[in-house]
Amino acid sequence: MTSWRSNTGQGENCLLRTYVRGEVVVVYKTKEDFGGLSNMASGFPLQINGVRILTTEALYQACRFPHLPEVQREIIGQHSPMTAKMKSKPHRKDSRPDWDDVRYKIMRWCLRVKLAQNYEEFGRLLLATRDRPIVEQSRKDDYWGAKLADESGYTLIGQNVLGRLLMELREKLKDDAEGVLKTVPPLGIPDFLLLGKPIEMVTAINSGNGQKRQPALF
C-alpha cells in the first residue's frame, strides 16, 4: 500500500508519496525486467514528422526548445539517451518560457507516442505490471520519480509523476480494444514544433493505410 503527504506548492502533483519496494514495480536500470518503461531505454524508436528519434528521453528534451531547432537537432542526433539529456543542459536557461507549465502534458504526450509506435512490446511491458504501482526510482529527482528514503532501500519517497503517468497509460491500454492509442494528436499548446515545423499527428510506424478513430485530445 502507498501513502502520501502534502508538499509545498499547488495541484495534485505536489504530493510526496511513500512506496514500499516489495509492493511496487520499480523502474530503475534499463536492463532490468521493467527497464523498458524508462525513458532512457533503447529499442523503442520514434518517428515525428518523418524524423527518427531513438528514445523518449531525446524527444522530451527536444520539446524544451521549439524556438531553437539546431539545439533540437543536436539532442535528437545523439545515440545515447543520457547524452541527449546532457546536450540539453547547457541550454536549459533558454527552455520555452512556459516549460514548467507544459512539461507534464509534454511527458504524457511522449509516453503516448512511445506506446503508439511500439504498441506490442511497450504495451506488453505496461500490462505485465498488472495493477501494481509503478515507481521510477531516481537518485536526485523526487518530482518525476521517487528517491530512497534511507540506505535500507525498503521505501521510496517522491511525487513519482512519471510512474503515475505510466499507470494512467496502462489503464487506457487495458480498454484499447480498437487500437485507438496507436494514433496521437499534437498537443494543443503554442509553438509545438520540431525542427521548425509544427508537430503533426503521430501514427504507428509502418501501420499501413487503414483508418483509425482519432482519440480525444488531452
# chains A, B, ... in the order shown; residues from 1 in each chain; ligands from 1

$ residues_around --residues "stretch 26-28 of chain A" --least-positions-apart "4" --cutoff "12 Å" --atoms "only C-alpha atoms" --output "JSON, numbers by chain"
{"A": [19, 20, 21, 22, 32, 33, 34, 35, 36, 37, 38, 39, 40, 41, 125, 126, 129, 132, 133, 134, 135, 136, 137, 138, 139, 144, 145, 146, 147, 148, 153, 154, 155, 156, 160, 162, 163, 166]}

$ select_by_dssp --residues "stretch 19-182 of chain A" --states "strand (DSSP E)" --output "list in words"
Tyr19, Val20, Val25, Val26, Val27, Leu46, Gln47, Ile48, Val51, Arg52, Ile53, Ile134, Val135, Glu136, Lys147, Leu148, Thr155, Leu156, Ile157 and Gly158 of chain A

$ select_by_dssp --residues "stretch 44-187 of chain A" --states "alpha helix (DSSP H)" --output "ChimeraX atom specification"
/A:56-62,69-76,81-88,99-117,119-128,161-174

$ closest_atom_pairs --of "stretch 109-212 of chain A" --to "stretch 62-86 of chain A" --cutoff "10 Å" --atoms "only C-alpha atoms" --output "tab-separated table"
residue	atom	partner	partner_atom	distance
A:Cys110	CA	A:Cys63	CA	9.5
A:Pro190	CA	A:Pro66	CA	9.6
A:Asp191	CA	A:Pro66	CA	6.3
A:Phe192	CA	A:Pro66	CA	6.5
A:Leu193	CA	A:Pro66	CA	5.0
A:Leu194	CA	A:Pro66	CA	6.2
A:Leu195	CA	A:Pro69	CA	4.5
A:Gly196	CA	A:Pro69	CA	5.9
A:Lys197	CA	A:Pro66	CA	8.9
A:Pro198	CA	A:Pro66	CA	9.2

$ atom_distance --atom1 "atom CA of A:Arg52" --atom2 "atom CA of A:Leu111"
15.8 Å

$ closest_atom_pairs --of "stretch 47-136 of chain A" --to "stretch 175-183 of chain A" --cutoff "10 Å" --atoms "only C-alpha atoms" --output "tab-separated table"
residue	atom	partner	partner_atom	distance
A:Arg112	CA	A:Leu181	CA	7.2
A:Val113	CA	A:Thr183	CA	8.1
A:Lys114	CA	A:Lys182	CA	9.6
A:Leu115	CA	A:Lys182	CA	7.2
A:Ala116	CA	A:Lys182	CA	4.0
A:Gln117	CA	A:Lys182	CA	6.9
A:Asn118	CA	A:Lys182	CA	8.8
A:Tyr119	CA	A:Lys182	CA	7.0

$ write_last_selection --atoms "N, CA and C atoms" --output "PDB file, in the first residue's frame"
ATOM      1  N   ARG A 112       2.659   8.593 -24.762  1.00  0.00           N
ATOM      2  CA  ARG A 112       1.655   8.154 -25.728  1.00  0.00           C
ATOM      3  C   ARG A 112       2.320   7.808 -27.066  1.00  0.00           C
ATOM      4  N   VAL A 113       3.270   8.626 -27.487  1.00  0.00           N
ATOM      5  CA  VAL A 113       3.982   8.368 -28.739  1.00  0.00           C
ATOM      6  C   VAL A 113       4.776   7.064 -28.639  1.00  0.00           C
ATOM      7  N   LYS A 114       5.438   6.864 -27.512  1.00  0.00           N
ATOM      8  CA  LYS A 114       6.215   5.629 -27.319  1.00  0.00           C
ATOM      9  C   LYS A 114       5.315   4.406 -27.451  1.00  0.00           C
ATOM     10  N   LEU A 115       4.116   4.476 -26.887  1.00  0.00           N
ATOM     11  CA  LEU A 115       3.198   3.357 -26.992  1.00  0.00           C
ATOM     12  C   LEU A 115       2.671   3.204 -28.413  1.00  0.00           C
ATOM     13  N   ALA A 116       2.269   4.298 -29.020  1.00  0.00           N
ATOM     14  CA  ALA A 116       1.688   4.231 -30.366  1.00  0.00           C
ATOM     15  C   ALA A 116       2.639   3.570 -31.353  1.00  0.00           C
ATOM     16  N   GLN A 117       3.921   3.862 -31.216  1.00  0.00           N
ATOM     17  CA  GLN A 117       4.889   3.399 -32.207  1.00  0.00           C
ATOM     18  C   GLN A 117       5.673   2.167 -31.755  1.00  0.00           C
ATOM     19  N   ASN A 118       5.372   1.693 -30.561  1.00  0.00           N
ATOM     20  CA  ASN A 118       5.959   0.443 -30.057  1.00  0.00           C
ATOM     21  C   ASN A 118       4.859  -0.318 -29.311  1.00  0.00           C
ATOM     22  N   TYR A 119       3.711  -0.427 -29.983  1.00  0.00           N
ATOM     23  CA  TYR A 119       2.490  -0.838 -29.309  1.00  0.00           C
ATOM     24  C   TYR A 119       2.589  -2.233 -28.683  1.00  0.00           C
TER      25      TYR A 119
END

$ atom_distance --atom1 "atom CA of A:Phe122" --atom2 "atom CA of A:Gln47"
15.4 Å

$ atom_distance --atom1 "atom CA of A:Arg170" --atom2 "atom CA of A:Leu127"
6.4 Å

$ closest_residue --among "A:Ala128, A:Glu120, A:Ile48, A:Tyr60" --to "A:Arg103" --atoms "only C-alpha atoms"
A:Tyr60

$ decode --residues "stretch 122-164 of chain A" --atoms "N, CA and C atoms" --output "PDB file, in the first residue's frame"
ATOM      1  N   PHE A 122       6.058  -2.313 -25.900  1.00  0.00           N
ATOM      2  CA  PHE A 122       5.867  -1.400 -24.769  1.00  0.00           C
ATOM      3  C   PHE A 122       4.539  -1.699 -24.073  1.00  0.00           C
ATOM      4  N   GLY A 123       3.528  -2.005 -24.866  1.00  0.00           N
ATOM      5  CA  GLY A 123       2.237  -2.365 -24.288  1.00  0.00           C
ATOM      6  C   GLY A 123       2.323  -3.628 -23.448  1.00  0.00           C
ATOM      7  N   ARG A 124       3.079  -4.612 -23.923  1.00  0.00           N
ATOM      8  CA  ARG A 124       3.259  -5.845 -23.154  1.00  0.00           C
ATOM      9  C   ARG A 124       3.895  -5.556 -21.798  1.00  0.00           C
ATOM     10  N   LEU A 125       4.906  -4.688 -21.788  1.00  0.00           N
ATOM     11  CA  LEU A 125       5.563  -4.335 -20.527  1.00  0.00           C
ATOM     12  C   LEU A 125       4.598  -3.637 -19.574  1.00  0.00           C
ATOM     13  N   LEU A 126       3.839  -2.698 -20.094  1.00  0.00           N
ATOM     14  CA  LEU A 126       2.879  -1.986 -19.253  1.00  0.00           C
ATOM     15  C   LEU A 126       1.875  -2.948 -18.624  1.00  0.00           C
ATOM     16  N   LEU A 127       1.326  -3.835 -19.434  1.00  0.00           N
ATOM     17  CA  LEU A 127       0.306  -4.748 -18.928  1.00  0.00           C
ATOM     18  C   LEU A 127       0.895  -5.789 -17.977  1.00  0.00           C
ATOM     19  N   ALA A 128       2.181  -6.087 -18.146  1.00  0.00           N
ATOM     20  CA  ALA A 128       2.823  -7.062 -17.264  1.00  0.00           C
ATOM     21  C   ALA A 128       2.969  -6.550 -15.831  1.00  0.00           C
ATOM     22  N   THR A 129       2.827  -5.246 -15.636  1.00  0.00           N
ATOM     23  CA  THR A 129       2.875  -4.695 -14.268  1.00  0.00           C
ATOM     24  C   THR A 129       1.568  -4.954 -13.528  1.00  0.00           C
ATOM     25  N   ARG A 130       0.571  -5.449 -14.249  1.00  0.00           N
ATOM     26  CA  ARG A 130      -0.745  -5.766 -13.701  1.00  0.00           C
ATOM     27  C   ARG A 130      -1.356  -4.526 -13.036  1.00  0.00           C
ATOM     28  N   ASP A 131      -1.700  -4.616 -11.771  1.00  0.00           N
ATOM     29  CA  ASP A 131      -2.304  -3.473 -11.084  1.00  0.00           C
ATOM     30  C   ASP A 131      -1.379  -2.877 -10.031  1.00  0.00           C
ATOM     31  N   ARG A 132      -0.110  -3.233 -10.100  1.00  0.00           N
ATOM     32  CA  ARG A 132       0.823  -2.731  -9.096  1.00  0.00           C
ATOM     33  C   ARG A 132       1.218  -1.285  -9.397  1.00  0.00           C
ATOM     34  N   PRO A 133       1.495  -0.498  -8.367  1.00  0.00           N
ATOM     35  CA  PRO A 133       2.034   0.839  -8.608  1.00  0.00           C
ATOM     36  C   PRO A 133       3.363   0.752  -9.357  1.00  0.00           C
ATOM     37  N   ILE A 134       3.586   1.675 -10.260  1.00  0.00           N
ATOM     38  CA  ILE A 134       4.853   1.770 -10.991  1.00  0.00           C
ATOM     39  C   ILE A 134       5.612   2.967 -10.423  1.00  0.00           C
ATOM     40  N   VAL A 135       6.855   2.737 -10.027  1.00  0.00           N
ATOM     41  CA  VAL A 135       7.641   3.792  -9.393  1.00  0.00           C
ATOM     42  C   VAL A 135       8.962   3.958 -10.133  1.00  0.00           C
ATOM     43  N   GLU A 136       9.228   5.155 -10.592  1.00  0.00           N
ATOM     44  CA  GLU A 136      10.514   5.491 -11.202  1.00  0.00           C
ATOM     45  C   GLU A 136      11.482   5.843 -10.083  1.00  0.00           C
ATOM     46  N   GLN A 137      12.467   4.988  -9.853  1.00  0.00           N
ATOM     47  CA  GLN A 137      13.459   5.281  -8.815  1.00  0.00           C
ATOM     48  C   GLN A 137      14.498   6.246  -9.358  1.00  0.00           C
ATOM     49  N   SER A 138      14.801   7.278  -8.595  1.00  0.00           N
ATOM     50  CA  SER A 138      15.766   8.284  -9.006  1.00  0.00           C
ATOM     51  C   SER A 138      16.695   8.607  -7.853  1.00  0.00           C
ATOM     52  N   ARG A 139      17.924   8.936  -8.188  1.00  0.00           N
ATOM     53  CA  ARG A 139      18.866   9.347  -7.142  1.00  0.00           C
ATOM     54  C   ARG A 139      18.608  10.781  -6.686  1.00  0.00           C
ATOM     55  N   LYS A 140      18.099  11.629  -7.609  1.00  0.00           N
ATOM     56  CA  LYS A 140      18.007  13.059  -7.300  1.00  0.00           C
ATOM     57  C   LYS A 140      16.612  13.653  -7.471  1.00  0.00           C
ATOM     58  N   ASP A 141      15.795  13.063  -8.314  1.00  0.00           N
ATOM     59  CA  ASP A 141      14.557  13.712  -8.751  1.00  0.00           C
ATOM     60  C   ASP A 141      13.348  13.101  -8.045  1.00  0.00           C
ATOM     61  N   ASP A 142      12.752  13.855  -7.136  1.00  0.00           N
ATOM     62  CA  ASP A 142      11.545  13.342  -6.478  1.00  0.00           C
ATOM     63  C   ASP A 142      10.289  14.006  -7.026  1.00  0.00           C
ATOM     64  N   TYR A 143      10.390  14.645  -8.198  1.00  0.00           N
ATOM     65  CA  TYR A 143       9.200  15.101  -8.915  1.00  0.00           C
ATOM     66  C   TYR A 143       8.766  14.004  -9.895  1.00  0.00           C
ATOM     67  N   TRP A 144       9.589  13.720 -10.899  1.00  0.00           N
ATOM     68  CA  TRP A 144       9.254  12.660 -11.840  1.00  0.00           C
ATOM     69  C   TRP A 144       9.326  11.289 -11.191  1.00  0.00           C
ATOM     70  N   GLY A 145      10.230  11.128 -10.243  1.00  0.00           N
ATOM     71  CA  GLY A 145      10.434   9.830  -9.625  1.00  0.00           C
ATOM     72  C   GLY A 145      10.306   9.863  -8.114  1.00  0.00           C
ATOM     73  N   ALA A 146      10.962   8.890  -7.477  1.00  0.00           N
ATOM     74  CA  ALA A 146      10.990   8.799  -6.021  1.00  0.00           C
ATOM     75  C   ALA A 146      12.394   8.379  -5.600  1.00  0.00           C
ATOM     76  N   LYS A 147      12.849   8.913  -4.497  1.00  0.00           N
ATOM     77  CA  LYS A 147      14.196   8.650  -4.012  1.00  0.00           C
ATOM     78  C   LYS A 147      14.163   7.669  -2.841  1.00  0.00           C
ATOM     79  N   LEU A 148      15.287   6.996  -2.612  1.00  0.00           N
ATOM     80  CA  LEU A 148      15.393   6.108  -1.471  1.00  0.00           C
ATOM     81  C   LEU A 148      15.225   6.899  -0.179  1.00  0.00           C
ATOM     82  N   ALA A 149      14.407   6.380   0.722  1.00  0.00           N
ATOM     83  CA  ALA A 149      14.186   7.070   1.996  1.00  0.00           C
ATOM     84  C   ALA A 149      15.384   6.917   2.913  1.00  0.00           C
ATOM     85  N   ASP A 150      16.097   5.801   2.798  1.00  0.00           N
ATOM     86  CA  ASP A 150      17.288   5.549   3.620  1.00  0.00           C
ATOM     87  C   ASP A 150      18.125   4.479   2.935  1.00  0.00           C
ATOM     88  N   GLU A 151      19.199   4.073   3.588  1.00  0.00           N
ATOM     89  CA  GLU A 151      20.135   3.132   2.977  1.00  0.00           C
ATOM     90  C   GLU A 151      19.563   1.722   2.859  1.00  0.00           C
ATOM     91  N   SER A 152      18.505   1.436   3.576  1.00  0.00           N
ATOM     92  CA  SER A 152      17.934   0.088   3.515  1.00  0.00           C
ATOM     93  C   SER A 152      17.314  -0.207   2.162  1.00  0.00           C
ATOM     94  N   GLY A 153      16.877   0.831   1.451  1.00  0.00           N
ATOM     95  CA  GLY A 153      16.236   0.648   0.156  1.00  0.00           C
ATOM     96  C   GLY A 153      14.832   0.105   0.237  1.00  0.00           C
ATOM     97  N   TYR A 154      14.280   0.039   1.425  1.00  0.00           N
ATOM     98  CA  TYR A 154      12.961  -0.565   1.623  1.00  0.00           C
ATOM     99  C   TYR A 154      11.841   0.352   1.152  1.00  0.00           C
ATOM    100  N   THR A 155      12.015   1.656   1.319  1.00  0.00           N
ATOM    101  CA  THR A 155      10.979   2.607   0.930  1.00  0.00           C
ATOM    102  C   THR A 155      11.522   3.662  -0.025  1.00  0.00           C
ATOM    103  N   LEU A 156      10.638   4.156  -0.858  1.00  0.00           N
ATOM    104  CA  LEU A 156      10.935   5.220  -1.815  1.00  0.00           C
ATOM    105  C   LEU A 156       9.941   6.344  -1.586  1.00  0.00           C
ATOM    106  N   ILE A 157      10.426   7.581  -1.622  1.00  0.00           N
ATOM    107  CA  ILE A 157       9.569   8.740  -1.379  1.00  0.00           C
ATOM    108  C   ILE A 157       9.712   9.737  -2.518  1.00  0.00           C
ATOM    109  N   GLY A 158       8.590  10.165  -3.077  1.00  0.00           N
ATOM    110  CA  GLY A 158       8.614  11.167  -4.124  1.00  0.00           C
ATOM    111  C   GLY A 158       7.231  11.373  -4.711  1.00  0.00           C
ATOM    112  N   GLN A 159       7.114  12.365  -5.561  1.00  0.00           N
ATOM    113  CA  GLN A 159       5.843  12.593  -6.246  1.00  0.00           C
ATOM    114  C   GLN A 159       5.595  11.529  -7.315  1.00  0.00           C
ATOM    115  N   ASN A 160       6.668  10.982  -7.883  1.00  0.00           N
ATOM    116  CA  ASN A 160       6.561   9.872  -8.824  1.00  0.00           C
ATOM    117  C   ASN A 160       5.599  10.189  -9.976  1.00  0.00           C
ATOM    118  N   VAL A 161       5.721  11.377 -10.525  1.00  0.00           N
ATOM    119  CA  VAL A 161       4.802  11.800 -11.586  1.00  0.00           C
ATOM    120  C   VAL A 161       4.940  10.915 -12.829  1.00  0.00           C
ATOM    121  N   LEU A 162       6.169  10.529 -13.166  1.00  0.00           N
ATOM    122  CA  LEU A 162       6.349   9.666 -14.330  1.00  0.00           C
ATOM    123  C   LEU A 162       5.706   8.303 -14.102  1.00  0.00           C
ATOM    124  N   GLY A 163       5.906   7.738 -12.936  1.00  0.00           N
ATOM    125  CA  GLY A 163       5.278   6.453 -12.629  1.00  0.00           C
ATOM    126  C   GLY A 163       3.767   6.534 -12.705  1.00  0.00           C
ATOM    127  N   ARG A 164       3.205   7.631 -12.238  1.00  0.00           N
ATOM    128  CA  ARG A 164       1.755   7.793 -12.266  1.00  0.00           C
ATOM    129  C   ARG A 164       1.231   7.974 -13.695  1.00  0.00           C
TER     130      ARG A 164
END
